[in-house]
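To be precise, the following lines are work-v8.cif, and they hold mmCIF, C-alpha atoms.
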```cif
data_start
#
loop_
_atom_site.label_atom_id
_atom_site.label_comp_id
_atom_site.auth_asym_id
_atom_site.auth_seq_id
_atom_site.Cartn_x
_atom_site.Cartn_y
_atom_site.Cartn_z
CA MET B 25 23.90 16.41 21.69
CA PRO B 26 24.92 14.09 24.52
CA ASN B 27 25.19 10.40 23.90
CA SER B 28 21.84 9.05 25.05
CA SER B 29 19.71 6.07 24.26
CA VAL B 30 16.28 6.56 22.70
CA ILE B 31 13.39 4.82 20.98
CA ASP B 32 12.54 6.83 17.88
CA SER B 33 8.77 6.51 17.63
CA LEU B 34 8.38 8.02 14.16
CA VAL B 35 10.84 6.99 11.47
CA HIS B 36 10.17 7.41 7.78
CA LEU B 37 12.34 5.38 5.40
CA TRP B 38 11.67 5.24 1.68
CA ASP B 39 13.07 4.35 -1.69
CA PRO B 40 11.30 5.93 -4.68
CA ILE B 41 12.96 3.38 -6.96
CA ARG B 42 11.17 0.54 -5.10
CA HIS B 43 7.84 2.25 -4.43
CA SER B 44 5.73 4.93 -6.02
CA ILE B 45 5.59 7.94 -3.70
CA PRO B 46 3.54 10.54 -5.58
CA TRP B 47 3.87 13.37 -3.07
CA ILE B 48 7.69 13.61 -3.43
CA THR B 49 7.78 13.76 -7.24
CA ASP B 50 8.15 17.54 -7.33
CA LEU B 51 10.34 17.79 -4.22
CA PRO B 52 13.92 17.14 -5.39
CA ALA B 53 15.39 17.27 -1.88
CA LEU B 54 13.11 14.42 -0.82
CA ASN B 55 12.85 12.48 -4.08
CA ARG B 56 15.67 10.11 -3.21
CA SER B 57 16.27 7.13 -1.01
CA PHE B 58 16.20 7.59 2.75
CA GLY B 59 17.25 4.31 4.32
CA LEU B 60 18.96 3.16 7.47
CA ALA B 61 22.33 4.57 6.38
CA GLU B 62 20.79 8.02 6.02
CA PHE B 63 19.03 7.58 9.35
CA ASP B 64 22.35 6.73 11.02
CA GLU B 65 24.02 9.74 9.45
CA ALA B 66 21.24 12.08 10.63
CA ARG B 67 21.14 10.76 14.17
CA ALA B 68 24.79 11.74 14.73
CA ASP B 69 25.83 10.68 18.24
CA VAL B 70 22.37 9.78 19.53
CA VAL B 71 22.29 6.04 20.10
CA GLY B 72 19.00 4.52 19.02
CA GLU B 73 17.88 1.40 20.88
CA GLY B 74 14.89 1.06 18.64
CA MET B 75 12.61 2.68 16.13
CA VAL B 76 9.05 2.51 14.88
CA PHE B 77 8.58 2.85 11.14
CA LEU B 78 5.63 5.02 10.08
CA GLU B 79 4.23 4.52 6.59
CA CYS B 80 5.29 7.11 4.03
CA ASP B 81 2.10 7.60 2.02
CA VAL B 82 3.27 5.46 -0.87
CA ALA B 83 0.80 4.81 -3.68
CA THR B 84 -2.00 2.57 -2.39
CA SER B 85 -0.91 -0.16 -4.79
CA ASP B 86 2.53 -0.21 -3.08
CA ALA B 87 1.38 -0.20 0.56
CA MET B 88 1.88 -3.92 1.20
CA ALA B 89 5.18 -3.89 -0.71
CA GLU B 90 6.33 -1.09 1.59
CA VAL B 91 5.50 -3.29 4.61
CA ASP B 92 7.40 -6.22 3.09
CA TRP B 93 10.42 -4.01 2.40
CA VAL B 94 10.49 -2.60 5.93
CA ALA B 95 9.99 -6.07 7.43
CA GLY B 96 13.08 -7.14 5.50
CA LEU B 97 14.98 -4.17 6.89
CA ALA B 98 13.82 -5.18 10.38
CA ARG B 99 15.13 -8.71 9.92
CA ALA B 100 18.54 -7.23 9.08
CA ASP B 101 18.53 -4.49 11.73
CA GLY B 102 17.07 -5.25 15.15
CA ARG B 103 16.50 -1.59 15.92
CA LEU B 104 13.33 -1.66 13.78
CA LYS B 105 10.81 -2.82 16.37
CA ALA B 106 7.42 -2.03 14.82
CA ILE B 107 5.64 -0.88 11.68
CA VAL B 108 2.70 1.49 11.48
CA ALA B 109 1.34 0.45 8.10
CA SER B 110 -1.07 2.07 5.71
CA VAL B 111 -4.35 0.19 5.43
CA PRO B 112 -7.17 1.39 3.17
CA LEU B 113 -10.00 1.18 5.69
CA GLU B 114 -12.27 2.89 3.17
CA LYS B 115 -12.43 -0.52 1.44
CA GLY B 116 -14.66 -1.76 4.26
CA ASP B 117 -14.81 -5.54 4.62
CA ALA B 118 -12.53 -5.93 1.59
CA VAL B 119 -9.58 -4.83 3.76
CA THR B 120 -9.87 -7.94 5.95
CA ALA B 121 -7.30 -9.89 3.92
CA GLU B 122 -4.73 -7.09 4.18
CA LEU B 123 -5.30 -6.80 7.92
CA ALA B 124 -4.80 -10.57 8.28
CA VAL B 125 -1.43 -10.31 6.49
CA LEU B 126 -0.35 -7.46 8.75
#
```
The structure in this file should be written as structure tokens.
Amino acid sequence: MPNSSVIDSLVHLWDPIRHSIPWITDLPALNRSFGLAEFDEARADVVGEGMVFLECDVATSDAMAEVDWVAGLARADGRLKAIVASVPLEKGDAVTAELAVL
């Protein structure tokens, strides 16, 4: 692939040691950490100017911890430009506090 500059609009990063991710439990190929190092390895020679993290369907109880973790990654790596977080809208008005944090 030619060397080109892109914004990756859908990046999933996860660490099953940090967060509960129920859907990968029985998928050995996915039940491991996928961080920025793995992203860089997979992108090969495509230069990424930026990326948007998309939530990874962690356990609801870990959703805000996932955001905190990715925000920390973004502070260390300026390519992470935005986060599409999981928010339990089914909680109705009770989700207001989580939305305020985000």
Run through the PyMOL selection byres ((chain B and resi 82-92) around 10) on the given coordinates and return the selected residues as a short mmCIF file (atom, residue, chain, number, x, y, z; two decimals) with C-alpha atoms, in the frame of the given file.
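Contents of expr-v7.cif, as written:
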```cif
data_model
loop_
_atom_site.label_atom_id
_atom_site.label_comp_id
_atom_site.auth_asym_id
_atom_site.auth_seq_id
_atom_site.Cartn_x
_atom_site.Cartn_y
_atom_site.Cartn_z
CA LEU B 37 12.34 5.38 5.40
CA TRP B 38 11.67 5.24 1.68
CA ASP B 39 13.07 4.35 -1.69
CA PRO B 40 11.30 5.93 -4.68
CA ARG B 42 11.17 0.54 -5.10
CA HIS B 43 7.84 2.25 -4.43
CA SER B 44 5.73 4.93 -6.02
CA ILE B 45 5.59 7.94 -3.70
CA PRO B 46 3.54 10.54 -5.58
CA TRP B 47 3.87 13.37 -3.07
CA ILE B 48 7.69 13.61 -3.43
CA PHE B 77 8.58 2.85 11.14
CA LEU B 78 5.63 5.02 10.08
CA GLU B 79 4.23 4.52 6.59
CA CYS B 80 5.29 7.11 4.03
CA ASP B 81 2.10 7.60 2.02
CA TRP B 93 10.42 -4.01 2.40
CA VAL B 94 10.49 -2.60 5.93
CA ALA B 95 9.99 -6.07 7.43
CA GLY B 96 13.08 -7.14 5.50
CA LEU B 97 14.98 -4.17 6.89
CA ALA B 98 13.82 -5.18 10.38
CA ILE B 107 5.64 -0.88 11.68
CA VAL B 108 2.70 1.49 11.48
CA ALA B 109 1.34 0.45 8.10
CA SER B 110 -1.07 2.07 5.71
CA VAL B 111 -4.35 0.19 5.43
CA PRO B 112 -7.17 1.39 3.17
CA GLU B 122 -4.73 -7.09 4.18
CA VAL B 125 -1.43 -10.31 6.49
CA LEU B 126 -0.35 -7.46 8.75
#
```
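From CA of Val35 in chain B back to CA of Ser57 in chain B, the distance works out to 13.6 Å.
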For Lys105 in chain B, which residue among B:Ile41, B:Met75, B:Ala118, B:Leu123 is the nearest when counting all atoms listed in the file?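 Ranked by minimum distance to Lys105 in chain B, first place goes to B:Met75.
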Using all atoms listed in the file, find the one residue out of B:Leu113, B:Arg103, B:Ala53, B:Gly59 that sits nearest to Val30 in chain B.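 Using all atoms listed in the file, the shortest distance to Val30 in chain B belongs to B:Arg103.
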Evaluate the PyMOL selection byres ((chain B and resi 74) around 9) on the structure here and hand back the selected residues as number ranges by chain. B: 29-33, 72-73, 75-76, 102-106
Give the centre and edge lengths of an axis-aligned box, in Å to one decimal, that holds all listed atoms of range 69-72 of chain B with 8 Å on each side, as lines of an AutoDock Vina configuration file.
```
center_x = 22.4
center_y = 7.6
center_z = 19.2
size_x = 22.8
size_y = 22.2
size_z = 17.9
```
What does the distance from CA of Ala68 in chain B to CA of Leu54 in chain B come to in Å, to one decimal?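 Value for the CA of Ala68 in chain B-CA of Leu54 in chain B distance: 19.6 Å.
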Separation of CA of Phe58 in chain B and CA of His36 in chain B, in Å? 7.9 Å
